[in-house]
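Below: query.tsv (TSV, C-alpha atoms and all ligand atoms)
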chain	number	residue	atom	x	y	z
Y	7	MET	CA	19.50	28.94	-119.14
Y	8	ASN	CA	21.92	27.86	-116.41
Y	9	ASP	CA	19.25	27.46	-113.76
Y	10	GLU	CA	19.09	24.17	-111.90
Y	11	SER	CA	15.84	23.01	-113.46
Y	12	PHE	CA	17.33	22.88	-116.99
Y	13	ARG	CA	17.17	19.40	-118.50
Y	14	SER	CA	19.44	17.94	-121.16
Y	15	GLY	CA	20.23	14.49	-122.49
Y	16	THR	CA	20.37	12.11	-125.42
Y	17	ILE	CA	17.30	10.42	-126.89
Y	18	ALA	CA	17.88	7.48	-129.26
Y	19	LEU	CA	15.34	7.02	-132.08
Y	20	LEU	CA	15.14	3.27	-132.62
Y	21	GLY	CA	13.01	1.00	-134.76
Y	22	ARG	CA	12.80	-1.30	-137.75
Y	23	PRO	CA	13.70	0.21	-141.16
Y	24	ASN	CA	11.21	2.61	-142.77
Y	25	VAL	CA	9.06	3.29	-139.69
Y	26	GLY	CA	9.70	7.06	-139.92
Y	27	LYS	CA	12.57	7.77	-137.49
Y	28	SER	CA	14.32	10.28	-139.75
Y	29	THR	CA	11.02	11.94	-140.70
Y	30	LEU	CA	10.29	12.50	-137.00
Y	31	LEU	CA	13.78	13.88	-136.40
Y	32	ASN	CA	13.46	16.36	-139.26
Y	33	HIS	CA	10.05	17.50	-138.07
Y	34	ILE	CA	11.37	18.09	-134.54
Y	35	ILE	CA	14.47	19.96	-135.73
Y	36	GLY	CA	12.62	21.89	-138.43
Y	37	ALA	CA	15.25	21.12	-141.11
Y	38	LYS	CA	16.25	18.11	-143.18
Y	39	VAL	CA	19.21	16.86	-141.15
Y	40	ALA	CA	18.51	13.20	-142.02
Y	41	ILE	CA	17.58	11.96	-145.47
Y	42	VAL	CA	14.19	10.28	-145.95
Y	43	THR	CA	13.05	7.93	-148.73
Y	44	PRO	CA	10.26	5.38	-149.18
Y	45	LYS	CA	12.91	2.61	-149.20
Y	46	PRO	CA	14.08	0.73	-146.08
Y	47	GLN	CA	17.69	1.08	-144.84
Y	48	THR	CA	17.97	4.69	-145.86
Y	49	THR	CA	19.86	5.84	-142.75
Y	50	ARG	CA	23.32	4.28	-142.44
Y	51	HIS	CA	24.99	6.44	-139.76
Y	52	ARG	CA	24.19	7.76	-136.33
Y	53	ILE	CA	22.93	11.30	-136.87
Y	54	LEU	CA	22.46	13.94	-134.17
Y	55	GLY	CA	19.65	16.47	-134.24
Y	56	ILE	CA	19.74	19.02	-131.42
Y	57	ARG	CA	16.69	20.95	-130.17
Y	58	THR	CA	17.23	23.62	-127.55
Y	59	ASP	CA	14.61	25.82	-125.88
Y	60	ALA	CA	14.48	27.84	-122.67
Y	61	HIS	CA	13.94	24.77	-120.48
Y	62	SER	CA	15.68	21.84	-122.15
Y	63	GLN	CA	18.10	20.58	-124.74
Y	64	MET	CA	17.11	17.32	-126.41
Y	65	VAL	CA	19.87	15.61	-128.33
Y	66	PHE	CA	18.15	13.17	-130.68
Y	67	VAL	CA	20.19	10.31	-132.08
Y	68	ASP	CA	18.73	8.99	-135.35
Y	69	THR	CA	19.85	5.43	-136.06
Y	70	PRO	CA	19.78	2.90	-138.92
Y	71	GLY	CA	16.77	0.58	-138.91
Y	72	ILE	CA	17.19	-2.65	-136.95
Y	73	HIS	CA	17.07	-5.64	-139.32
Y	74	GLN	CA	18.83	-8.90	-140.12
Y	75	SER	CA	21.35	-9.21	-142.94
Y	76	SER	CA	24.42	-11.19	-143.94
Y	77	GLN	CA	26.04	-8.16	-145.59
Y	78	GLN	CA	28.90	-6.55	-143.63
Y	79	MET	CA	27.66	-2.96	-144.08
Y	80	ASN	CA	24.19	-3.84	-142.82
Y	81	ARG	CA	25.53	-5.68	-139.81
Y	82	ASN	CA	27.59	-2.59	-138.96
Y	83	MET	CA	24.47	-0.43	-139.33
Y	84	VAL	CA	22.53	-2.53	-136.84
Y	85	ARG	CA	25.48	-2.41	-134.44
Y	86	VAL	CA	25.38	1.39	-134.67
Y	87	ALA	CA	21.71	1.34	-133.64
Y	88	PHE	CA	22.25	-0.89	-130.61
Y	89	ALA	CA	25.34	1.10	-129.56
Y	90	ALA	CA	23.26	4.31	-129.66
Y	91	ALA	CA	20.59	2.58	-127.54
Y	92	GLU	CA	23.24	1.60	-125.00
Y	93	GLU	CA	24.54	5.16	-124.63
Y	94	ALA	CA	21.30	7.17	-124.65
Y	95	ASP	CA	19.54	8.63	-121.61
Y	96	VAL	CA	16.10	7.91	-123.10
Y	97	LEU	CA	14.98	5.31	-125.68
Y	98	VAL	CA	12.27	6.10	-128.21
Y	99	ILE	CA	11.08	2.85	-129.76
Y	100	MET	CA	9.17	3.52	-132.93
Y	101	GLN	CA	6.80	1.33	-134.95
Y	102	ASP	CA	4.71	1.80	-138.09
Y	103	VAL	CA	1.02	1.25	-137.27
Y	104	SER	CA	0.06	1.00	-140.93
Y	105	LYS	CA	1.65	-2.48	-140.87
Y	106	PRO	CA	0.95	-5.39	-138.49
Y	107	LEU	CA	3.23	-5.70	-135.47
Y	108	ASP	CA	5.42	-8.52	-136.80
Y	109	ALA	CA	7.73	-10.96	-135.02
Y	110	GLY	CA	10.82	-8.86	-135.82
Y	111	THR	CA	9.29	-5.77	-134.19
Y	112	ARG	CA	8.26	-7.76	-131.13
Y	113	ARG	CA	11.78	-9.24	-130.75
Y	114	MET	CA	13.31	-5.78	-131.11
Y	115	ILE	CA	11.03	-4.29	-128.44
Y	116	GLU	CA	11.77	-7.17	-126.06
Y	117	ARG	CA	15.52	-6.81	-126.56
Y	118	LEU	CA	15.52	-3.02	-126.09
Y	119	ALA	CA	13.32	-3.34	-123.00
Y	120	SER	CA	15.54	-5.95	-121.38
Y	121	GLU	CA	18.86	-4.27	-122.29
Y	122	GLY	CA	17.59	-0.78	-121.54
Y	123	GLY	CA	17.73	-1.36	-117.78
Y	124	ASP	CA	15.89	1.35	-115.87
Y	125	ARG	CA	16.37	4.10	-118.45
Y	126	PRO	CA	13.06	5.61	-119.58
Y	127	ARG	CA	11.52	4.13	-122.73
Y	128	VAL	CA	8.81	5.79	-124.79
Y	129	HIS	CA	6.95	3.94	-127.54
Y	130	VAL	CA	6.01	5.97	-130.58
Y	131	LEU	CA	3.29	4.56	-132.83
Y	132	ASN	CA	3.85	6.36	-136.11
Y	133	LYS	CA	1.83	6.89	-139.30
Y	134	ILE	CA	-1.55	7.32	-137.55
Y	135	ASP	CA	-2.67	9.24	-140.64
Y	136	GLN	CA	-2.80	5.83	-142.34
Y	137	VAL	CA	-5.13	3.99	-139.91
Y	138	ARG	CA	-8.59	4.31	-138.36
Y	139	LYS	CA	-8.85	5.31	-134.70
Y	140	GLN	CA	-10.53	2.06	-133.72
Y	141	ASP	CA	-7.58	0.08	-135.12
Y	142	LEU	CA	-5.13	2.08	-133.04
Y	143	LEU	CA	-6.47	1.03	-129.63
Y	144	PRO	CA	-5.68	-2.72	-129.97
Y	145	ARG	CA	-2.22	-1.76	-131.24
Y	146	LEU	CA	-1.60	0.43	-128.19
Y	147	ALA	CA	-2.78	-2.39	-125.93
Y	148	LEU	CA	-0.49	-4.92	-127.64
Y	149	THR	CA	2.55	-2.64	-127.31
Y	150	GLN	CA	1.73	-2.05	-123.66
Y	151	GLN	CA	1.46	-5.80	-123.15
Y	152	ILE	CA	4.89	-6.44	-124.69
Y	153	ASP	CA	6.57	-3.62	-122.72
Y	154	PRO	CA	4.38	-2.71	-119.72
Y	155	ASP	CA	7.04	-0.64	-117.93
Y	156	ALA	CA	7.59	2.07	-120.54
Y	157	ARG	CA	7.05	5.74	-119.59
Y	158	GLY	CA	4.56	6.33	-122.36
Y	159	TYR	CA	2.90	5.16	-125.60
Y	160	VAL	CA	2.33	8.02	-128.02
Y	161	PRO	CA	0.53	7.74	-131.38
Y	162	VAL	CA	1.90	10.32	-133.84
Y	163	SER	CA	2.11	11.22	-137.47
Y	164	ALA	CA	5.70	12.33	-138.08
Y	165	ARG	CA	4.83	13.32	-141.64
Y	166	LYS	CA	1.95	15.57	-140.60
Y	167	GLY	CA	3.39	16.61	-137.25
Y	168	GLN	CA	0.35	15.27	-135.35
Y	169	GLN	CA	0.91	14.73	-131.61
Y	170	VAL	CA	4.59	15.58	-131.85
Y	171	GLU	CA	4.26	18.40	-129.28
Y	172	ALA	CA	2.76	15.95	-126.76
Y	173	LEU	CA	5.65	13.56	-127.43
Y	174	LEU	CA	8.20	16.34	-126.87
Y	175	ALA	CA	6.62	17.30	-123.55
Y	176	LEU	CA	6.84	13.68	-122.36
Y	177	LEU	CA	10.46	13.34	-123.56
Y	178	ALA	CA	11.52	16.57	-121.83
Y	179	ALA	CA	10.17	15.20	-118.55
Y	180	CYS	CA	12.26	12.01	-119.03
Y	181	LEU	CA	15.57	13.89	-119.36
Y	182	PRO	CA	18.01	14.27	-116.47
Y	183	GLN	CA	18.66	17.68	-114.94
Y	184	SER	CA	21.82	18.93	-116.59
Y	185	PRO	CA	23.20	22.02	-118.34
Y	186	PRO	CA	23.11	21.85	-122.17
Y	187	LEU	CA	25.43	19.21	-123.64
Y	188	TYR	CA	25.96	21.10	-126.91
Y	189	ASP	CA	26.21	24.70	-128.06
Y	190	PRO	CA	22.54	25.84	-128.23
Y	191	GLU	CA	23.21	27.29	-131.71
Y	192	TRP	CA	23.92	23.82	-133.16
Y	193	PHE	CA	21.21	21.69	-134.71
Y	194	THR	CA	23.30	18.77	-136.03
Y	195	ASP	CA	26.78	17.29	-135.64
Y	196	GLN	CA	27.16	16.67	-139.37
Y	197	SER	CA	29.56	18.73	-141.47
Y	198	GLN	CA	28.37	20.38	-144.69
Y	199	ARG	CA	30.50	17.79	-146.48
Y	200	GLN	CA	28.63	14.89	-144.84
Y	201	LEU	CA	25.29	16.53	-145.53
Y	202	ALA	CA	26.23	16.93	-149.20
Y	203	ALA	CA	27.08	13.21	-149.48
Y	204	GLU	CA	23.78	12.29	-147.80
Y	205	TYR	CA	21.69	14.58	-150.01
Y	206	VAL	CA	23.20	12.97	-153.13
Y	207	ARG	CA	22.59	9.48	-151.72
Y	208	GLU	CA	18.98	10.39	-151.01
Y	209	GLN	CA	18.40	11.19	-154.67
Y	210	VAL	CA	20.13	7.96	-155.75
Y	211	PHE	CA	17.65	6.10	-153.49
Y	212	MET	CA	14.75	8.05	-155.00
Y	213	ALA	CA	15.81	7.58	-158.63
Y	214	MET	CA	17.04	3.99	-158.72
Y	215	GLN	CA	15.27	0.68	-158.25
Y	216	GLN	CA	15.99	-2.89	-157.10
Y	217	GLU	CA	19.36	-3.50	-155.45
Y	218	ILE	CA	21.15	-0.46	-156.88
Y	219	PRO	CA	20.47	2.04	-154.07
Y	220	PHE	CA	21.52	-0.47	-151.41
Y	221	GLN	CA	24.81	-1.08	-153.22
Y	222	THR	CA	25.64	2.60	-153.67
Y	223	ALA	CA	27.58	5.06	-151.54
Y	224	VAL	CA	28.78	8.64	-152.03
Y	225	GLU	CA	32.29	9.99	-151.53
Y	226	ILE	CA	33.02	13.72	-151.55
Y	227	GLU	CA	36.25	14.21	-153.48
Y	228	ARG	CA	36.51	18.00	-153.44
Y	229	PHE	CA	34.74	20.54	-151.26
Y	230	ALA	CA	35.64	24.18	-151.80
Y	231	GLU	CA	33.97	27.17	-150.12
Y	232	HIS	CA	34.04	30.57	-151.79
Y	233	ALA	CA	32.97	33.56	-149.70
Y	234	ALA	CA	30.15	35.78	-150.94
Y	235	GLU	CA	31.14	38.64	-153.20
Y	236	ASP	CA	29.27	41.98	-152.94
Y	237	ARG	CA	25.70	41.20	-152.05
Y	238	GLY	CA	25.70	37.73	-153.64
Y	239	ARG	CA	25.58	34.44	-151.79
Y	240	ALA	CA	28.57	32.23	-150.89
Y	241	LEU	CA	29.35	29.38	-153.29
Y	242	LEU	CA	30.16	25.75	-152.53
Y	243	GLU	CA	31.92	23.72	-155.19
Y	244	ILE	CA	31.50	20.01	-154.63
Y	245	ASP	CA	32.82	17.04	-156.62
Y	246	ALA	CA	31.26	13.76	-155.54
Y	247	ALA	CA	31.78	10.17	-156.69
Y	248	ILE	CA	28.86	7.76	-156.53
Y	249	LEU	CA	30.28	4.33	-155.76
Y	250	VAL	CA	28.59	1.30	-157.29
Y	251	GLY	CA	29.35	-2.32	-156.45
Y	252	SER	CA	29.48	-3.71	-159.99
Y	253	GLU	CA	30.26	-2.62	-163.56
Y	254	ARG	CA	26.73	-3.31	-164.75
Y	255	HIS	CA	25.23	-0.74	-162.37
Y	256	LYS	CA	27.28	2.10	-163.83
Y	257	PRO	CA	25.36	2.68	-167.08
Y	258	MET	CA	22.04	2.22	-165.25
Y	259	LEU	CA	22.94	4.95	-162.77
Y	260	ILE	CA	24.20	7.32	-165.48
Y	261	GLY	CA	21.09	6.78	-167.61
Y	262	LYS	CA	20.51	7.58	-171.29
Y	263	GLY	CA	22.67	10.53	-172.25
Y	264	GLY	CA	23.46	11.07	-168.54
Y	265	ALA	CA	19.81	11.82	-167.73
Y	266	ASN	CA	19.68	9.98	-164.37
Y	267	LEU	CA	22.90	11.49	-163.07
Y	268	LYS	CA	21.77	14.94	-164.15
Y	269	HIS	CA	18.44	14.57	-162.36
Y	270	ILE	CA	20.10	13.26	-159.17
Y	271	GLY	CA	22.55	16.18	-159.23
Y	272	THR	CA	19.89	18.83	-159.82
Y	273	VAL	CA	17.56	17.73	-157.00
Y	274	ALA	CA	20.42	17.20	-154.53
Y	275	ARG	CA	21.85	20.63	-155.35
Y	276	GLN	CA	18.50	22.36	-154.85
Y	277	GLY	CA	18.05	20.67	-151.45
Y	278	LEU	CA	21.54	21.67	-150.32
Y	279	GLU	CA	21.03	25.26	-151.43
Y	280	ARG	CA	17.83	25.39	-149.36
Y	281	LEU	CA	19.46	23.87	-146.28
Y	282	LEU	CA	22.70	25.86	-146.37
Y	283	GLY	CA	21.43	29.13	-147.83
Y	284	CYS	CA	24.27	29.39	-150.36
Y	285	ARG	CA	24.85	28.57	-154.04
Y	286	VAL	CA	26.10	25.08	-154.84
Y	287	HIS	CA	27.94	23.71	-157.87
Y	288	LEU	CA	27.70	19.93	-157.74
Y	289	ASN	CA	29.68	17.68	-160.11
Y	290	LEU	CA	28.85	13.99	-160.00
Y	291	TRP	CA	30.52	10.95	-161.52
Y	292	VAL	CA	30.19	7.20	-161.07
Y	293	LYS	CA	33.01	4.99	-159.78
Y	294	VAL	CA	33.00	1.17	-159.70
Y	295	GLU	CA	34.33	-0.44	-156.49
Y	296	PRO	CA	33.43	-4.15	-156.67
Y	297	GLU	CA	31.42	-5.24	-153.61
Y	298	TRP	CA	32.60	-2.24	-151.56
Y	299	TYR	CA	29.78	-2.98	-149.06
Y	300	ASN	CA	31.47	-6.21	-147.96
Y	301	ARG	CA	35.03	-4.80	-147.68
Y	302	PRO	CA	35.98	-3.64	-144.17
Y	303	GLY	CA	38.70	-1.21	-145.39
Y	304	GLN	CA	36.36	0.44	-147.86
Y	305	LEU	CA	33.58	0.63	-145.23
Y	306	ARG	CA	35.92	2.31	-142.75
Y	307	GLU	CA	36.89	4.90	-145.36
Y	308	LEU	CA	33.21	5.70	-145.90
Y	309	GLY	CA	32.59	6.03	-142.16
Y	310	LEU	CA	30.58	2.80	-142.21
Y	311	GLY	CA	33.08	0.58	-140.39
Y	312	ASP	CA	32.49	-1.21	-137.10
J	401	LIG	N1	1.90	8.24	-144.12
J	401	LIG	C1	2.99	8.48	-143.38
J	401	LIG	N2	4.21	8.21	-143.89
J	401	LIG	C2	5.29	8.46	-143.12
J	401	LIG	C3	5.17	9.00	-141.82
J	401	LIG	N3	6.42	9.12	-141.31
J	401	LIG	C4	7.27	8.69	-142.27
J	401	LIG	N4	6.60	8.31	-143.36
J	401	LIG	C5	7.16	7.79	-144.63
J	401	LIG	O1	7.80	6.55	-144.38
J	401	LIG	C6	8.94	6.40	-145.24
J	401	LIG	C7	10.18	6.11	-144.41
J	401	LIG	O2	10.50	7.24	-143.63
J	401	LIG	P1	11.94	7.42	-142.97
J	401	LIG	O3	11.86	8.60	-142.07
J	401	LIG	O4	13.01	7.41	-144.01
J	401	LIG	O5	12.03	6.09	-142.11
J	401	LIG	P2	13.27	5.56	-141.20
J	401	LIG	O6	12.68	4.88	-140.03
J	401	LIG	O7	14.21	6.67	-140.92
J	401	LIG	O8	13.91	4.48	-142.16
J	401	LIG	P3	15.43	3.88	-142.17
J	401	LIG	O9	16.37	5.04	-142.20
J	401	LIG	O10	15.47	3.09	-143.42
J	401	LIG	O11	15.57	3.03	-140.96
J	401	LIG	C8	9.03	7.70	-146.04
J	401	LIG	O12	8.41	7.49	-147.29
J	401	LIG	C9	8.26	8.69	-145.20
J	401	LIG	O13	7.69	9.76	-145.94
J	401	LIG	C10	3.85	9.29	-141.32
J	401	LIG	O14	3.66	9.76	-140.21
J	401	LIG	N5	2.81	9.00	-142.15
J	402	MG	MG	16.18	6.91	-141.38
Please rewrite the model in this file as structure tokens.
Amino acid sequence: MNDESFRSGTIALLGRPNVGKSTLLNHIIGAKVAIVTPKPQTTRHRILGIRTDAHSQMVFVDTPGIHQSSQQMNRNMVRVAFAAAEEADVLVIMQDVSKPLDAGTRRMIERLASEGGDRPRVHVLNKIDQVRKQDLLPRLALTQQIDPDARGYVPVSARKGQQVEALLALLAACLPQSPPLYDPEWFTDQSQRQLAAEYVREQVFMAMQQEIPFQTAVEIERFAEHAAEDRGRALLEIDAAILVGSERHKPMLIGKGGANLKHIGTVARQGLERLLGCRVHLNLWVKVEPEWYNRPGQLRELGLGD
């Protein structure tokens, strides 16, 4: 693996919210390292997914969707995305072809192209399973017209894994020659604790409607690992608080007789057990922190500061 032709580098996954960045990352890594929901603004942090083979190590950087907002947390999220773009060796700019290419997408592409300098850019046109082939060609032409100097324009379906191998071959060729940047055994930089918080937040996004998911965060309050006994599996005991921004969200999140909280806990626990291969005890409760998403101190504590 230490031969001179080995390639390694960072590849930022960039795009508007909900285009499928995290879905693509998970497909490439072969595990759910980033949570995915049908709602926009699911990803809030920079998340690494590392893929190593005999010839290359691709370090993917999943980012929050680029959007406009007056809320402090959201502004920090967008800053995280542009900072990742600034640092990466290769930029993947993703769009959702099941929706028209709107003014926000065009502005984003133009900004990334002009700030990207001479670093390779690859456009990924996602969700091709949702459109007819004849509608894809004008979309490819339009993207090429907006950013004619990109290295490639690849239509994919991240959900179905269509054309992802072709994309990977192109990305590998864009990477600089370098030894691996990370231990080849690693597939993410997130701790089990961070993954647990994200898996709970995913289920809050899935279960709740309107503004509630966007005004919710998860804090792990206790994380205890117990080694496996005999031939059993190891056990993780996790206590997590779900933060809400106002008193009135608390009963909605808990649900009748605790039904919502119970459902969120069960699905998150099952997902964690699958990912980590151990048993998980997950205790959830709801904590009110008024407008935590606009308070810099609170955001820093949650790892969402600027
Ligand atoms: N039909 C279809 N749906 C997809 C595809 N890729 C992603 N999706 C769906 O699009 C939605 C958003 O996917 P995410 O991966 O969370 O999108 P994201 O770009 O990471 O979104 P943010 O984190 O909010 O910026 C989910 O419901 C996915 O299942 C695809 O190739 N085809
Ligand atoms: Mg995401």
Please identify the residues whose atoms come within 12 Å of ligand MG 402 (chain J), using only C-alpha atoms and all ligand atoms, and report them as a ChimeraX atom specification. /Y:19-32,38-54,67-72,83,87,100,204,208
I'd like the contact shell of Asn80 of chain Y - 10 Å cut-off, all atoms listed in the file, skipping same-chain residues fewer than 2 positions apart - returned as a list in words. Gln47, Arg50, Pro70, Gly71, Ile72, His73, Gln74, Ser75, Ser76, Gln77, Gln78, Asn82, Met83, Val84, Arg85, Val86, Phe220, Tyr299, Asn300 and Leu310 of chain Y
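Nearest to ligand LIG 401 (chain J) of all the residues Y:Leu288, Y:Ala274, Y:Val224, Y:Ile99 is Y:Ile99, counting only C-alpha atoms and all ligand atoms.
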In Å, with one decimal, what is the gap from atom C2 of ligand LIG 401 (chain J) to atom CA of Gly110 of chain Y?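 If I compute the distance from atom C2 of ligand LIG 401 (chain J) to atom CA of Gly110 of chain Y, I get 19.6 Å.
A straight line drawn from atom C3 of ligand LIG 401 (chain J) to atom CA of Glu279 of chain Y is 24.7 Å long.
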Pick out the residues sitting within 12 Å of Leu107 of chain Y, and hand them over as a list in words; count only C-alpha atoms, and ignore anything fewer than 3 positions along from it in its own chain.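 After dropping sequence-adjacent residues, the list is Gly21, Arg22, Val25, Met100, Gln101, Asp102, Val103, Ser104, Gly110, Thr111, Arg112, Arg113, Met114, Ile115, Leu131, Leu142, Pro144, Arg145, Leu146, Ala147, Leu148, Thr149 and Ile152 of chain Y.
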Which distance in Å separates atom CA of Pro257 of chain Y and atom CA of Leu305 of chain Y, to one decimal? 23.4 Å
Write out as AutoDock Vina command-line options an axis-aligned box for ligand LIG 401 (chain J): all of its atoms listed in the file, 6 Å added on each side, centre and edge lengths in Å with one decimal.
--center_x 9.1 --center_y 6.4 --center_z -143.7 --size_x 26.5 --size_y 18.7 --size_z 19.3
Protein, DNA and RNA residues within 12 Å of (22.6, 21.6, -136.6), all atoms listed in the file, as an MDAnalysis selection string: chainID Y and resid 31:32 34:40 53:58 65:66 188:198 201 281:282
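Among the candidates Y:Glu307, Y:Asp236, Y:Asp95, Y:Glu231, the residue lying nearest to Pro126 of chain Y is Y:Asp95 (atoms considered: all atoms listed in the file).
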Using only C-alpha atoms, which of the listed residues (Y:Lys293, Y:His129, Y:Arg199, Y:Arg81) sits closest to Ile248 of chain Y?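 Closest residue, counting only C-alpha atoms: Y:Lys293.
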At most 9 Å from (28.1, 9.5, -152.2), file frame, only C-alpha atoms: which residues, as a PDB file with C-alpha atoms, in the frame of the given file?
ATOM      1  CA  ALA Y 202      26.230  16.930-149.200  1.00  0.00           C
ATOM      2  CA  ALA Y 203      27.080  13.210-149.480  1.00  0.00           C
ATOM      3  CA  GLU Y 204      23.780  12.290-147.800  1.00  0.00           C
ATOM      4  CA  TYR Y 205      21.690  14.580-150.010  1.00  0.00           C
ATOM      5  CA  VAL Y 206      23.200  12.970-153.130  1.00  0.00           C
ATOM      6  CA  ARG Y 207      22.590   9.480-151.720  1.00  0.00           C
ATOM      7  CA  VAL Y 210      20.130   7.960-155.750  1.00  0.00           C
ATOM      8  CA  THR Y 222      25.640   2.600-153.670  1.00  0.00           C
ATOM      9  CA  ALA Y 223      27.580   5.060-151.540  1.00  0.00           C
ATOM     10  CA  VAL Y 224      28.780   8.640-152.030  1.00  0.00           C
ATOM     11  CA  GLU Y 225      32.290   9.990-151.530  1.00  0.00           C
ATOM     12  CA  ILE Y 226      33.020  13.720-151.550  1.00  0.00           C
ATOM     13  CA  ALA Y 246      31.260  13.760-155.540  1.00  0.00           C
ATOM     14  CA  ALA Y 247      31.780  10.170-156.690  1.00  0.00           C
ATOM     15  CA  ILE Y 248      28.860   7.760-156.530  1.00  0.00           C
ATOM     16  CA  LEU Y 249      30.280   4.330-155.760  1.00  0.00           C
ATOM     17  CA  LEU Y 308      33.210   5.700-145.900  1.00  0.00           C
TER      18      LEU Y 308
END
Which residue, Y:Gln209, Y:Gln168, Y:Ser14, Y:Gln215, has the smallest gap to ligand LIG 401 (chain J) when you use only C-alpha atoms and all ligand atoms? Y:Gln168
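Among the candidate residues Y:Asp245, Y:Gly309, Y:Gly263, Y:His255, the one lying nearest to Leu290 of chain Y is Y:Asp245, with distances computed using only C-alpha atoms.
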Using only C-alpha atoms and all ligand atoms for the distances, tell me which of Y:Arg165, Y:Arg301, Y:Arg157, Y:Arg127 is nearest to ligand LIG 401 (chain J).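 Counting only C-alpha atoms and all ligand atoms, the residue closest to ligand LIG 401 (chain J) is Y:Arg165.
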Please list as a compact mmCIF listing (two decimals) with C-alpha atoms, in the frame of the given file every residue within 9 Å of Gln183 of chain Y, counting all atoms listed in the file and excluding residues in the same chain fewer than 2 positions away.
# COMPACT_ATOMS: atom_id res chain seq x y z
CA GLU Y 10 19.09 24.17 -111.90
CA SER Y 11 15.84 23.01 -113.46
CA PHE Y 12 17.33 22.88 -116.99
CA ARG Y 13 17.17 19.40 -118.50
CA SER Y 14 19.44 17.94 -121.16
CA GLY Y 15 20.23 14.49 -122.49
CA SER Y 62 15.68 21.84 -122.15
CA LEU Y 181 15.57 13.89 -119.36
CA PRO Y 185 23.20 22.02 -118.34
Output requested as a tab-separated table (two decimals), keeping the file's coordinate frame - segment 265-277 of chain Y, filled out with N, CA and C atoms.
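Result written to rebuild11.tsv:
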chain	number	residue	atom	x	y	z
Y	265	ALA	N	21.04	11.21	-168.28
Y	265	ALA	CA	19.81	11.82	-167.73
Y	265	ALA	C	19.62	11.54	-166.23
Y	266	ASN	N	19.89	10.29	-165.79
Y	266	ASN	CA	19.68	9.98	-164.37
Y	266	ASN	C	20.62	10.79	-163.48
Y	267	LEU	N	21.89	10.80	-163.88
Y	267	LEU	CA	22.90	11.49	-163.07
Y	267	LEU	C	22.57	12.98	-162.99
Y	268	LYS	N	22.10	13.51	-164.10
Y	268	LYS	CA	21.77	14.94	-164.15
Y	268	LYS	C	20.61	15.24	-163.19
Y	269	HIS	N	19.60	14.38	-163.22
Y	269	HIS	CA	18.44	14.57	-162.36
Y	269	HIS	C	18.84	14.48	-160.87
Y	270	ILE	N	19.64	13.45	-160.56
Y	270	ILE	CA	20.10	13.26	-159.17
Y	270	ILE	C	20.85	14.52	-158.71
Y	271	GLY	N	21.73	15.01	-159.56
Y	271	GLY	CA	22.55	16.18	-159.23
Y	271	GLY	C	21.70	17.43	-159.04
Y	272	THR	N	20.71	17.62	-159.90
Y	272	THR	CA	19.89	18.83	-159.82
Y	272	THR	C	19.08	18.85	-158.52
Y	273	VAL	N	18.42	17.74	-158.20
Y	273	VAL	CA	17.56	17.73	-157.00
Y	273	VAL	C	18.41	17.83	-155.73
Y	274	ALA	N	19.55	17.13	-155.71
Y	274	ALA	CA	20.42	17.20	-154.53
Y	274	ALA	C	20.94	18.62	-154.35
Y	275	ARG	N	21.33	19.25	-155.43
Y	275	ARG	CA	21.85	20.63	-155.35
Y	275	ARG	C	20.79	21.58	-154.81
Y	276	GLN	N	19.57	21.46	-155.32
Y	276	GLN	CA	18.50	22.36	-154.85
Y	276	GLN	C	18.25	22.18	-153.35
Y	277	GLY	N	18.26	20.94	-152.88
Y	277	GLY	CA	18.05	20.67	-151.45
Y	277	GLY	C	19.16	21.27	-150.61
